[in-house]
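Just below is one structure, and these are the notes that go with it.
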There are 2 protein chains.
Amino acid sequence: MNIYKSPAFSQVHLTDPILASRQKTCLDTTIPSAVAKAVETGRINAFDLENYHGERHIYWDSDVAKILEGIAYALTLRKDEKLQKIFEEWIGRIVSCQQADGYLNSYFSAEKPEERWCNLTSWHELYCAGHLMEAAVAAKDLPGGQKLFDALCRYADLICDTFGPGEQQRRGWPGHEEIELALIKLWQASGNRRYLEQAAYFINDRGTEPNVFAAEGAALETLVNEQADKPVREMTEACGHAVRAVYLFAGMADLAGAAEDKELLDVCEKLFENIASRRMYVTGGIGSSFKGEKFTADYDLANGSLMYAESCAAMGLVQLAVRLFNQTGKTKYLDVLETALFNGVLSGISLSGDEYFYTNYLEVNDNLVCYNSGSPVRQKWFSCSCCPTSYCRFLTQTGRFIYSVADHEISVNIPVANQAELCLKDGHVKLRIEGKYPYDGKIRIIVENSCTFTLRLRIPFWCRSWKLLRNGVRQETPVLSGNWQAGETVELDLDMPAEFLYSDPRITGNLGRTALRRGPLVYALEEIDQSAPVRELIVLPDEPVELVEAEDLPAGTVALRGSALREIFSQEGLYRTEKPVCVPAVFTAIPYALWQNRGKSNMCVWNRYQTAR
Amino acid sequence: MNIYKSPAFSQVHLTDPILASRQKTCLDTTIPSAVAKAVETGRINAFDLENYHGERHIYWDSDVAKILEGIAYALTLRKDEKLQKIFEEWIGRIVSCQQADGYLNSYFSAEKPEERWCNLTSWHELYCAGHLMEAAVAAKDLPGGQKLFDALCRYADLICDTFGPGEQQRRGWPGHEEIELALIKLWQASGNRRYLEQAAYFINDRGTEPNVFAAEGAALETLVNEQADKPVREMTEACGHAVRAVYLFAGMADLAGAAEDKELLDVCEKLFENIASRRMYVTGGIGSSFKGEKFTADYDLANGSLMYAESCAAMGLVQLAVRLFNQTGKTKYLDVLETALFNGVLSGISLSGDEYFYTNYLEVNDNLVCYNSGSPVRQKWFSCSCCPTSYCRFLTQTGRFIYSVADHEISVNIPVANQAELCLKDGHVKLRIEGKYPYDGKIRIIVENSCTFTLRLRIPFWCRSWKLLRNGVRQETPVLSGNWQAGETVELDLDMPAEFLYSDPRITGNLGRTALRRGPLVYALEEIDQSAPVRELIVLPDEPVELVEAEDLPAGTVALRGSALREIFSQEGLYRTEKPVCVPAVFTAIPYALWQNRGKSNMCVWNRYQTAR
């Protein structure tokens with residue numbers, strides 16, 4: 001049923017001003033620093049079941065698996081002997097943990113060998129297994145990788161033997177979903193259909209009666225948090241822990257595609273629509289509640305203390321969106337993908353590549369009260385370090401989101417500069433895209449070899465006017481088919497004005513507030529760029545906005561400058577009777593994802609605006 | 001050191017439009033319904049140590065004690081045979097629980113007799129003891145009350161024997177403060193100085209090393225929450241659980257007065273200043289965080305989901321404020337007292353007298369996400385039902401806040417209509433106050449007997465212009481002394497315009513928002529009174545505000561009507577590019593304390609305003 005599939009990320013060599021440098025930093029810094037942290041914190045030594053005596057955690061295997069997946073992608077992108085050694089060493093360590101029956105979990109084998117599978121609700125065994133499977137699929141074709149792949153197939157076999165409807169099996173679901181999509185990857189890489197069937201079992205049995213988690217003692221709140229309070233096909237709203245939710249939905253989308261299950265795809269589309277139309281920050285951040293990093297209610301999208309918008313959740317949303325686009329061809333999924341990618345994902349990691357937000361606030365000021373892991377300052381690592389390890393595997397593979405391909409068609413999903421070699425049914429197509437997208441709407445696409453295919457260009461939701469030329473000739477539709485000669489050129493000019501956004505008034509925290517967007521980039525006022533405290537500024541949406549070069553940010557970063565009022569109080573006191581006066585001011589906004597790369601500073605995405613009388 | 005003392009509440013017969021009717025409702029409905037709930041929930045039967053087999057809670061004795069204190073005040077205000085029977089029956093029940101050594105706690109005697117005093121940090125024994133002492137002092141002079149008083153003196157003796165610095169004693173502090181002020185009341189009622197000394201011990205030993213709660217395993221967060229992380233004299237900010245904090249500070253103020261301890265009084269004044277200037281809602285609500293109903297940080301005063309502002313905390317603030325006024329004569333304490341009384345206290349109870357807020361939100365809309373006990377709809381009762389039982393004892397005694405008296409002076413603290421007979425050194429003074437305060441600033445005071453004293457009238461902080469006549473003759477100072485003849489009349493006209501308030505911009509949730517206040521009353525926009533959703537209204541502070549009669553609220557309730565803009569969106573969608581347009585509208589505001597007495601409706605205290613260019 002899939003219309004498109006994504007290319008291998010290694011087929012797309014990024015040369016744009018954002019993703020390319022973020023990827024390079026990931027290779028140069030993020031992965032090496034995560035490797036160092038994994039060693040330093042004991043996550044690697046913990047695989048030594050007998051001689052390691054430090055603390056272990058039930059989710060540590062997943063962190064190692066995600067870094068390892070990132071290492072595999074890094075080695076695919078560029079040779080690195082040192083990293084190759086680590087890759088092989090880590091695989092050796094992991095595989096050494098495998099039990100005779102295939103079971104592979106450093107925590108339970110070392111700490112609680114008797115309690116295997118005893119608490120599916122909370123103990124993350126199947127979640128860790130899923131991440132190890134993803135790492136194994138990533139590693140398979142690299143030197144030394146087959147060993148991990150074989151080990152994980154054996155582990156998957158054990159899981160298939162253990163959980164299911166059969167008489168020799170027990171019913172069971174993962175408390176933290178992830179293994180569903182991983183099993184489907186394992187099926188694709190191994191050809192063993194049993195893994196697909198196991199994914200289908202986990203998805204279709206989930207939430208049916210008698211409830212597996214309830215039998216373990218879980219309360220309704222926990223069932224909702226883990227998307228297990230009802231069968232997945234009956235879900236109509238995105239509920240519970242956001243990362244769990246989008247991982248499950250991604251697995252459901254994969255299964256829908258593999259099984260040609262239109263009903264399940266409809267469920268996925270409905271759930272996505274609920275997220276995108278009611279439960280998503282303007283940055284693509286999701287899971288708005290600090291209380292359990294989860295979905296709460298429609299329009300519950302606070303900007304400060306109450307919020308979460310975990311980095312991992314934004315990455316998960318990208319992974320869900322690309323699946324739904326590939327299956328349906330509906331560009332609204334790419335709109336969300338692009339929004340999340342350039343804003344809510346990239347905000348979570350510093351330009352230096354080794355500091356991370358867990359919570360991606362949309363407003364930070366001196367008076368912010370933080371809950372849980374929600375530091376408003378990027379951290380080097382976390383005790384639960386899912387976000388840093390997610391970046392290792394995410395930023396290395398961003399190339400795959402740029403295009404989607406069908407038998408005879410290429411969809412340019414995100415027209416950033418790159419060089420690509422894409423496989424279609426009748427052969428390879430070499431493409432080159434030039435331009436400064438997303439800082440500029442002018443895109444030039446050069447077809448570098450002669451071939452026959454349809455080139456489908458996406459007109460993003462934020463673009464209301466565009467011009468398309470094929471070899472200099474004006475085109476009326478963004479779908480260009482036919483025979484292409486080497487050197488043919490397509491020029492797309494997407495009108496990309498800075499625009500002020502307003503929220504649905506049910507997002508009460510955004511009442512009287514406006515955000516700035518230009519192209520797919522959401523902008524923020526960071527205090528370091530202003531001549532007054534951000535909280536005193538009232539932007540004037542009716543005045544023109546000027547593009548300027550951002551200061552002390554990567555060359556080419558476009559900042560926006562516009563008119564504002566500065567509200568000044570002459571009176572002191574907690575509550576005052578004197579109305580503040582306004583004086584003219586200017587504001588400078590930078591891309592949201594780049595805030596807090598020049599030291600600590602207050603920041604606000606949704607700023608006050610002057611109402612017109 | 002006390003400059004003033006408060007009169008007995010029974011010396012002041014209220015006849016004003018607000019407090020008098022609230023007091024009557026308390027007698028007619030609040031106390032009878034609390035009595036019924038105490039019976040229905042098992043709180044009374046729980047005193048039967050042997051034959052009651054339902055659930056008990058460690059704090060239940062305090063609920064019963066607070067209702068009983070309210071019953072005692074009610075019986076002092078008006079005869080009620082049925083209530084007198086309940087009063088005597090309850091006292092019998094309570095006293096029957098007393099152990100041979102004087103210990104008196106229904107929970108521990110029945111459920112955990114071996115665990116007496118084992119967890120001072122969390123188990124509320126001394127807190128319950130304190131409330132029983134307050135009830136005993138209230139009951140003492142009523143028929144059948146002496147029995148309770150004697151029992152509580154015996155219990156107090158046991159507590160004095162048990163806790164202290166002596167060799168036969170152990171160190172100990174109450175985890176939930178309250179007993180300090182109760183012991184001082186017991187000293188005043190019994191003349192036994194030992195109780196004062198015990199209060200001094202609890203206050204002065206608190207927070208010193210080695211830390212009593214830390215020795216029980218409490219973490220620093222708990223120590224801070226219970227104001228026990230440092231000696232009380234070293235505290236500079238109001239921290240932790242708000243009710244605990246203000247109860248402790250009230251006890252400290254009492255001790256400072258009794259011991260003429262200027263240093264301790266300074267500490268109390270500093271802590272109060274921290275609350276009033278940085279940690280108090282405009283309504284006098286305190287303890288802003290939903291997370292533990294506690295003080296957090298300066299200017300952390302959110303209006304919606306994050307907030308708490310527990311009803312009990314506002315009542316506690318009134319009790320603290322009156323103590324500090326009586327000791328210092330500084331009217332700023334009365335300003336806060338009056339604000340809390342008419343707004344944050346009265347908002348917590350319905351006009352019907354039997355429904356309560358635990359959390360006093362300043363903004364409620366359809367999208368409010370609630371945490372903990374924070375229902376935005378008043379409830380009949382709570383599992384932890386401290387707020388309903390607090391109203392039983394609070395609304396019966398509001399008469400005592402109206403005046404403070406010195407040897408030869410009467411301070412009119414809150415000039416509501418009433419008839420009073422106050423005891424000065426040289427005899428009684430009969431006063432009558434007429435007027436509609438706080439709905440009107442015109443106050444007429446009639447001295448009803450010939451006597452010599454100084455009448456001190458308070459000019460509230462919100463009043464910037466006033467006129468005072470004594471027997472028709474203009475006075476320049478609000479301090480009127482000399483000989484008074486029966487029938488002499490004082491007329492005070494306090495200018496009471498409706499005013500728009502603005503917050504310190506560090507209260508980020510109030511940026512671009514304004515509140516309305518007239519006299520001591522804070523106003524709110526309730527949706528039922530508007531022609532558009534509250535969230536769409538932008539008030540215009542530069543336009544005049546008109547006084548109108550509120551609809552479907554008690555006769556005489558003054559509502560405010562003014563000009564607004566209504567913001568209208570023509571575009572749909574979570575995020576939109578079309579700037580909303582504004583059309584003229586009006587708003588109607590009612591006193592905040594009266595909201596949600598006409599069914600469920602959205603409400604907002606801090607509303608958007610139009611900035612001037």
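Going by the structure tokens order, chains are called A, B, ..., each with residues numbered from 1, while ligands are numbered from 1 in the order shown.
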Show me which bits of chain A are within 9 Å of chain B, counting only C-alpha atoms, as a VMD selection string.
chain A and resid 276 to 280 282 296 to 300 305 to 306 365 to 369 499 to 509 511 to 512 535 to 536 538 541 565 567 569 572 to 584 608 to 613
Mind checking which residues fall within 7 Å of range 333-348 of chain B, counting only C-alpha atoms, ignoring those fewer than 6 positions away in the same chain, and posting them as a PyMOL selection string?
chain B and resi 283-285+311+314-315+318+321-322+324-325+356-358+360+413+460-461+520-522+592-594
I'd like the contact shell of Leu186 in chain B - 7 Å cut-off, only C-alpha atoms, skipping same-chain residues fewer than 4 positions apart - returned as a VMD selection string.
chain B and resid 133 137 182 190 195
Can you work out the spacing between CA of Ala72 in chain A and CA of Gly145 in chain A in Å, to one decimal?
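Those two atoms sit 8.6 Å apart.
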Pick out the residues sitting within 12 Å of Glu526 in chain B, and hand them over as JSON, numbers by chain; count only C-alpha atoms, and ignore anything fewer than 2 positions along from it in its own chain.
{"B": [362, 363, 364, 365, 523, 524, 528, 529, 530, 531, 532, 533, 534, 535, 537, 550, 551, 559, 560, 587, 588, 589, 590, 591, 592, 593, 594, 595, 596, 597, 598, 599, 600, 601, 602, 603, 604, 605, 606, 607]}
Excluding range 420-435 of chain A and any residue of its chain fewer than 4 positions from it, enumerate the residues within 7 Å of it, using only C-alpha atoms, and give them as a PyMOL selection string.
chain A and resi 7+11-13+406-408+416+442-449+451
Selection to disk with N, CA and C atoms, as a JSON list (two decimals), in the first residue's frame:
[["chain", "number", "residue", "atom", "x", "y", "z"],
["A", 7, "PRO", "N", 14.55, 6.84, 0.82],
["A", 7, "PRO", "CA", 15.84, 6.31, 0.38],
["A", 7, "PRO", "C", 16.71, 6.01, 1.59],
["A", 11, "GLN", "N", 22.33, 7.71, 0.68],
["A", 11, "GLN", "CA", 22.19, 8.11, -0.72],
["A", 11, "GLN", "C", 22.07, 9.62, -0.88],
["A", 12, "VAL", "N", 21.93, 10.30, 0.25],
["A", 12, "VAL", "CA", 21.71, 11.75, 0.20],
["A", 12, "VAL", "C", 22.84, 12.46, 0.95],
["A", 13, "HIS", "N", 23.67, 13.14, 0.19],
["A", 13, "HIS", "CA", 24.78, 13.87, 0.80],
["A", 13, "HIS", "C", 24.34, 15.33, 0.99],
["A", 406, "ALA", "N", 9.19, 6.54, -5.42],
["A", 406, "ALA", "CA", 8.29, 5.47, -5.88],
["A", 406, "ALA", "C", 8.98, 4.80, -7.07],
["A", 407, "ASP", "N", 8.30, 3.92, -7.71],
["A", 407, "ASP", "CA", 8.93, 3.19, -8.82],
["A", 407, "ASP", "C", 9.48, 4.15, -9.87],
["A", 408, "HIS", "N", 8.67, 5.14, -10.22],
["A", 408, "HIS", "CA", 9.06, 6.03, -11.31],
["A", 408, "HIS", "C", 8.96, 7.49, -10.90],
["A", 416, "VAL", "N", 16.28, 21.05, 0.72],
["A", 416, "VAL", "CA", 17.58, 21.58, 1.15],
["A", 416, "VAL", "C", 18.65, 21.16, 0.14],
["A", 442, "LYS", "N", 14.55, 30.17, -2.78],
["A", 442, "LYS", "CA", 14.98, 29.89, -4.16],
["A", 442, "LYS", "C", 15.77, 28.59, -4.18],
["A", 443, "ILE", "N", 15.25, 27.63, -4.98],
["A", 443, "ILE", "CA", 15.83, 26.30, -5.02],
["A", 443, "ILE", "C", 16.13, 25.94, -6.46],
["A", 444, "ARG", "N", 17.31, 25.38, -6.67],
["A", 444, "ARG", "CA", 17.70, 24.98, -8.02],
["A", 444, "ARG", "C", 18.00, 23.50, -7.97],
["A", 445, "ILE", "N", 17.33, 22.75, -8.87],
["A", 445, "ILE", "CA", 17.52, 21.30, -8.89],
["A", 445, "ILE", "C", 18.14, 20.93, -10.24],
["A", 446, "ILE", "N", 19.25, 20.21, -10.19],
["A", 446, "ILE", "CA", 19.91, 19.81, -11.42],
["A", 446, "ILE", "C", 19.84, 18.28, -11.53],
["A", 447, "VAL", "N", 19.30, 17.80, -12.64],
["A", 447, "VAL", "CA", 19.28, 16.36, -12.89],
["A", 447, "VAL", "C", 20.61, 16.02, -13.55],
["A", 448, "GLU", "N", 21.37, 15.12, -12.95],
["A", 448, "GLU", "CA", 22.75, 14.94, -13.40],
["A", 448, "GLU", "C", 22.96, 13.75, -14.33],
["A", 449, "ASN", "N", 21.92, 12.97, -14.53],
["A", 449, "ASN", "CA", 22.05, 11.91, -15.52],
["A", 449, "ASN", "C", 20.76, 11.79, -16.31],
["A", 451, "CYS", "N", 17.53, 10.15, -17.66],
["A", 451, "CYS", "CA", 16.67, 9.13, -17.08],
["A", 451, "CYS", "C", 15.21, 9.55, -17.24]]
Residue contacts of Asn471 in chain A (8 Å, only C-alpha atoms) excluding same-chain residues fewer than 4 positions away, as a VMD selection string:
chain A and resid 488 to 491
Would you write out those residues with all heavy atoms, as a tab-separated table (two decimals), in the first residue's frame?
chain	number	residue	atom	x	y	z
A	488	GLU	N	19.62	19.01	-17.06
A	488	GLU	CA	18.35	19.76	-17.02
A	488	GLU	C	18.18	20.39	-15.65
A	488	GLU	O	18.56	19.81	-14.64
A	488	GLU	CB	17.17	18.83	-17.32
A	488	GLU	CG	16.89	18.69	-18.80
A	488	GLU	CD	15.48	18.18	-19.07
A	488	GLU	OE1	14.50	18.84	-18.66
A	488	GLU	OE2	15.36	17.08	-19.66
A	489	THR	N	17.58	21.54	-15.63
A	489	THR	CA	17.50	22.32	-14.40
A	489	THR	C	16.08	22.73	-14.09
A	489	THR	O	15.33	23.17	-14.97
A	489	THR	CB	18.36	23.59	-14.54
A	489	THR	OG1	19.70	23.19	-14.81
A	489	THR	CG2	18.34	24.41	-13.27
A	490	VAL	N	15.74	22.60	-12.84
A	490	VAL	CA	14.43	23.06	-12.36
A	490	VAL	C	14.67	24.14	-11.32
A	490	VAL	O	15.51	23.99	-10.43
A	490	VAL	CB	13.66	21.88	-11.72
A	490	VAL	CG1	12.39	22.37	-11.04
A	490	VAL	CG2	13.35	20.82	-12.77
A	491	GLU	N	13.97	25.24	-11.46
A	491	GLU	CA	14.11	26.31	-10.48
A	491	GLU	C	12.76	26.55	-9.83
A	491	GLU	O	11.77	26.83	-10.49
A	491	GLU	CB	14.59	27.60	-11.16
A	491	GLU	CG	16.05	27.53	-11.56
A	491	GLU	CD	16.38	28.54	-12.63
A	491	GLU	OE1	15.93	28.32	-13.79
A	491	GLU	OE2	17.04	29.54	-12.32
So that I can check the secondary structure, give me every residue of range 356-585 of chain B assigned strand (DSSP E) by backbone DSSP, as a ChimeraX atom specification.
/B:363-364,403-405,409-412,418-424,427-435,442-447,451-452,454-457,466-470,473-475,479-480,483-484,489-494,498-503,513-518,521-526,537-539,546-549,558-568,575-576,581-585
Quick one: everything within 8 Å of Asn105 in chain A, counting only C-alpha atoms, minus sequence neighbours fewer than 6 positions away in the same chain. Send it as a ChimeraX atom specification.
/A:61,97-98,125,128-129
I'd like to know which of B:Leu468, B:Leu351, B:Cys312, B:Ala253 is closest to Lys270 in chain B, using only C-alpha atoms.
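Nearest candidate to Lys270 in chain B out of B:Leu468, B:Leu351, B:Cys312, B:Ala253: B:Ala253.
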Write out as a PyMOL selection string the set of residues from range 418-582 of chain A that DSSP, computed on the backbone, places in helix (DSSP H, G or I).
chain A and resi 508-510+527-529+534-536
Which of these residues is nearest to Leu75 in chain B, using only C-alpha atoms: B:His57, B:Gln397, B:Gly519, B:Lys294?
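Of all the options, B:Gln397 lies closest to Leu75 in chain B.
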